[in-house]
Structure formats: structure tokens, C-alpha cells
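Colleague: Okay, here's the structure, questions in a sec.
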Amino acid sequence: MGSAPHCHRAAACERVEQNDEGGTMLTGGRDAKRGSEDRTPGTDASAKQVRLMIVDDHPAVRLGLQQLLDCQPNFSVAAVCIDAEGAAARAEAERIDVAVVDYQLGGRNGLWLCRQLRRLPDPPHVIIFSAFANDHLAACCAVAGAGAVLNKGVLGSELCDAVRSVVRGRRLLPRVSQPLADMLRRRLPEREQMLFGMLLAGIPRVEIARTLAMSARELNCRADAMLRDLEPLPGEASASDRPQRRLDRERLIPRPRPASPLRG
């Protein structure tokens with residue numbers, strides 16, 4: 001991501017808080033009560049204050065994103081979180097318009113967080129901002145309900161443009177190639193394959209639920225199950241596999257032999 005412009009905005013008080021679920025978050029000192037500002041659907045992003053949440057487990061990335069986004073007209077960084085659980089709790093407590101979320105967060109990943117955020121009564125738009133952005137992740141983002149996926153190598157201006165776009169209701173997910181879509185579809189039970197195709201095509205979920213005669217709750221449950229079948233991404237271990245993979249790697253690392261005693 002390109003370097004952030006220097007900003008002379010008065011620094012807000014910040015503090016590190018521990019939430020009820022054990023997630024640590026860095027929070028701004030602004031009055032950030034849910035409902036303190038009107039959120040009118042379809043309002044032009046240039047005419048309203050866009051409240052953002054940054055979720056990344058790397059301190060340098062968090063700082064860079066905060067400096068970049070807080071200096072944009074009508075952007076306000078309301079929360080900076082280091083893990084998915086803390087971010088989910090924060091979004092429940094106050095209004096967030098857009099969450100910029102890393103995919104890998106150490107514990108629960110960004111797609112899990114996306115699913116939690118999209119279940120809220122007034123759900124924020126979610127941008128998955130990851131060094132692992134590819135077609136596979138884009139397909140998972142479509143199932144999770146993310147509005148965009150961006151590689152961390154993009155310019156800062158591209159990220160800002162993406163924030164404005166998702167606020168306007170645009171969907172910024174790359175088109176998934178047919179061979180990859182077919183490969184991912186084969187991972188799913190037959191009853192989920194049509195649903196996967198509809199989500200991948202960007203059909204609104206309200207329309208999907210009506211077409212398939214299911215409730216929003218059932219659609220959410222099936223999307224969650226689908227993500228479990230579609231993940232992990234290539235080269236990534238699932239959460240349950242990571243400790244074993246780490247042990248396997250350690251066994252492959254040759255250990256130095258103890259020095260032989262000197263003989264006189």
C-alpha cells in the first residue's frame with residue numbers, strides 16, 4: 001500500500017481496552033455511540049461522515065491505515081482492533097459504516113469476522129484487505145458477504161476509493177475464473193452448489209432467499225457451512241491443523257549435534 005499523507009488532525013485520546021471476550025482493541029476517544037449520526041441508505045459517501053473500523057494484527061499496518069484513512073475528507077476511524085473477537089464486540093456496541101479487515105488475524109480470520117458483522121441489525125460494509133488476495137479468497141468473500149477484496153499492495157488512493165464505492169453499494173470482487181469456480185463447487189454438497197453459484201454471481205441475498213424459499217437465518221447458516229468447506233485457502237492450514245503443522249515443520253528442522261568432548 002502506498003504511503004499515507006501526513007495529517008495534522010488533532011490527536012484523539014486513545015486507550016487499550018479489554019473486551020468481555022478477551023479481545024484487545026485500540027479505541028479512539030471520540031464519542032462513538034451507535035446511532036449518534038444518522039445513517040441514511042444510499043447517501044453519497046462524499047456528503048456524510050463515514051465511520052471506519054480497522055482490523056489487523058500487525059501494528060505497522062494498523063498505524064499506516066489509520067493515518068491514511070483519518071486524513072480523508074468525511075472519513076473517521078472510529079476503532080482500531082487487533083483481533084476478530086474484539087472487532088465483533090466493538091461493532092455491536094457502536095455504529096461502523098465500513099470495516100477494513102485483514103484475512104489472517106492470528107485466531108479467528110477475517111471471513112469469520114465478516115460473517116459476524118453482516119449479521120448485525122445495521123451491518124457495516126466489509127473490505128477484506130489481505131496479502132493473500134486472489135480468486136479463491138474472492139470466492140470466499142462472495143459467500144461471506146464482503147463488499148470488496150483488495151491486495152495490500154494497492155495504492156492508498158485505491159483503498160480510499162474502495163471505501164467510497166462500498167458505501168455507495170458497489171461490489172468490488174474480482175470475477176472468479178470458471179475452472180476455479182467449478183473446482184470450488186465440487187467441494188460442496190450438491191444441495192449447496194446452486195446457492196454457491198448465486199452468491200458468486202452477486203445476486204442480492206434477499207432475492208436468493210425468496211427464490212430458494214428459505215429464511216434469512218437459514219441462508220446465513222448455509223453460507224457459514226459453505227465457508228467451512230471452501231476454506232482453508234491454498235497453502236493455509238486450518239486453525240485446528242496449525243499446531244500439528246508447526247510440530248511437523250519443527251521435526252524437519254535439523255538440530256545441531258552436541259559437540260564431541262575434546263580428546264587429549
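Residues are referred to by chain and number: the chain letter is A, B, ... according to the order shown in the C-alpha cells, the number counts from 1 in that chain, and ligands are numbered separately from 1 in the order shown.
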So that I can check the surroundings of Cys114 of chain A, please list as JSON, numbers by chain every protein, DNA and RNA residue that reaches within 8 Å of it, counting only C-alpha atoms and ignoring chain neighbours fewer than 6 positions away.

Modeller: {"A": [126, 144, 145, 146]}

Colleague: Could the residues of segment 146-243 of chain A that have an atom at most 10 Å from segment 75-89 of chain A be listed as JSON lines, each with its closest atom pair and the distance in Å to one decimal, counting only C-alpha atoms and ordered by chain and ascending residue number?

Modeller:
{"residue": "A:Cys160", "atom": "CA", "partner": "A:Phe75", "partner_atom": "CA", "distance": 9.2}
{"residue": "A:Val163", "atom": "CA", "partner": "A:Phe75", "partner_atom": "CA", "distance": 9.3}
{"residue": "A:Arg164", "atom": "CA", "partner": "A:Phe75", "partner_atom": "CA", "distance": 9.5}

Colleague: Could you name the residues that touch Arg108 of chain A at 10 Å or less, counting only C-alpha atoms, but leaving out those on the same chain fewer than 3 positions away, as a ChimeraX atom specification?

Modeller: /A:83-85,103-105,111-113,239

Colleague: Just the selected residues (N, CA and C atoms), exported as a PDB file, in the first residue's frame, please.

Modeller:
ATOM      1  N   ASP A  83      -7.883  -8.063  16.715  1.00  0.00           N
ATOM      2  CA  ASP A  83      -8.369  -9.431  16.530  1.00  0.00           C
ATOM      3  C   ASP A  83      -9.849  -9.422  16.171  1.00  0.00           C
ATOM      4  N   ALA A  84     -10.303 -10.549  15.671  1.00  0.00           N
ATOM      5  CA  ALA A  84     -11.675 -10.645  15.164  1.00  0.00           C
ATOM      6  C   ALA A  84     -12.702 -10.555  16.285  1.00  0.00           C
ATOM      7  N   GLU A  85     -12.424 -11.201  17.409  1.00  0.00           N
ATOM      8  CA  GLU A  85     -13.390 -11.187  18.507  1.00  0.00           C
ATOM      9  C   GLU A  85     -13.589  -9.776  19.055  1.00  0.00           C
ATOM     10  N   TYR A 103      -7.270 -10.692   6.333  1.00  0.00           N
ATOM     11  CA  TYR A 103      -7.775 -12.069   6.309  1.00  0.00           C
ATOM     12  C   TYR A 103      -7.189 -12.877   7.460  1.00  0.00           C
ATOM     13  N   GLN A 104      -5.861 -12.828   7.616  1.00  0.00           N
ATOM     14  CA  GLN A 104      -5.206 -13.596   8.670  1.00  0.00           C
ATOM     15  C   GLN A 104      -5.079 -12.729   9.917  1.00  0.00           C
ATOM     16  N   LEU A 105      -5.697 -13.166  10.998  1.00  0.00           N
ATOM     17  CA  LEU A 105      -5.693 -12.371  12.227  1.00  0.00           C
ATOM     18  C   LEU A 105      -5.172 -13.147  13.431  1.00  0.00           C
ATOM     19  N   LEU A 111     -12.761 -13.648   7.412  1.00  0.00           N
ATOM     20  CA  LEU A 111     -14.039 -14.111   6.870  1.00  0.00           C
ATOM     21  C   LEU A 111     -15.012 -14.446   7.999  1.00  0.00           C
ATOM     22  N   TRP A 112     -14.499 -15.021   9.078  1.00  0.00           N
ATOM     23  CA  TRP A 112     -15.357 -15.255  10.248  1.00  0.00           C
ATOM     24  C   TRP A 112     -15.905 -13.928  10.755  1.00  0.00           C
ATOM     25  N   LEU A 113     -15.024 -12.930  10.857  1.00  0.00           N
ATOM     26  CA  LEU A 113     -15.468 -11.617  11.326  1.00  0.00           C
ATOM     27  C   LEU A 113     -16.488 -11.012  10.371  1.00  0.00           C
ATOM     28  N   ALA A 239      -7.346 -23.728  11.314  1.00  0.00           N
ATOM     29  CA  ALA A 239      -6.964 -23.396  12.689  1.00  0.00           C
ATOM     30  C   ALA A 239      -6.606 -24.651  13.478  1.00  0.00           C
TER      31      ALA A 239
END

Colleague: With distances taken over only C-alpha atoms, which residue among A:Asp229, A:Asp161, A:Glu190, A:Glu94 lies nearest Ile127 of chain A?

Modeller: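 That would be A:Asp161, the residue with the smallest distance to Ile127 of chain A.
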
Colleague: Using only C-alpha atoms, determine which residues lie at most 10 Å from segment 206-219 of chain A, disregarding the query and same-chain residues fewer than 5 positions distant; provide the list as a ChimeraX atom specification.

Modeller: /A:119,194-195,198-199,224-225

Colleague: Can you list every residue in segment 92-132 of chain A that DSSP puts in strand (DSSP E), as a list of chain:residue names?

Modeller: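 Taking segment 92-132 of chain A and keeping strand (DSSP E) only, one gets A:Val98, A:Ala99, A:Val100, A:Val101, A:His125, A:Val126, A:Ile127, A:Ile128, A:Phe129, A:Ser130.
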
Colleague: Which is closest to Asp70 of chain A among A:Ala99, A:Val50, A:Ile203, A:Ala162, if we use only C-alpha atoms?

Modeller: A:Val50

Colleague: Just checking: using only C-alpha atoms, which residue out of A:Arg115, A:Ala131, A:Arg170, A:Val154 ends up closest to Cys221 of chain A?

Modeller: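 Among the listed residues, A:Arg115 lies closest to Cys221 of chain A.
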
Colleague: Looking at A:Leu188, A:Gly147, A:Ile96, A:Met53, which one is nearest to Arg168 of chain A, with distances taken over only C-alpha atoms?

Modeller: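 For Arg168 of chain A, the nearest of the candidates is A:Gly147.
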
Colleague: Closest to Val176 of chain A among A:Glu92, A:Asp122, A:Asp135, A:Asp57, using only C-alpha atoms?

Modeller: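 Comparing A:Glu92, A:Asp122, A:Asp135, A:Asp57 against Val176 of chain A, the winner is A:Asp135.
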
Colleague: Can you list, as a PyMOL selection string, all residues belonging to segment 11-237 of chain A that DSSP tags as alpha helix (DSSP H)?

Modeller: chain A and resi 59-70+84-93+110-118+135-144+156-167+178-185+190-200+205-211+216-230

Colleague: Which one is closest to Ala139 of chain A: A:Arg191, A:Arg175, A:His58, A:His125? Count only C-alpha atoms.

Modeller: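 Closest to Ala139 of chain A, using only C-alpha atoms: A:Arg175.
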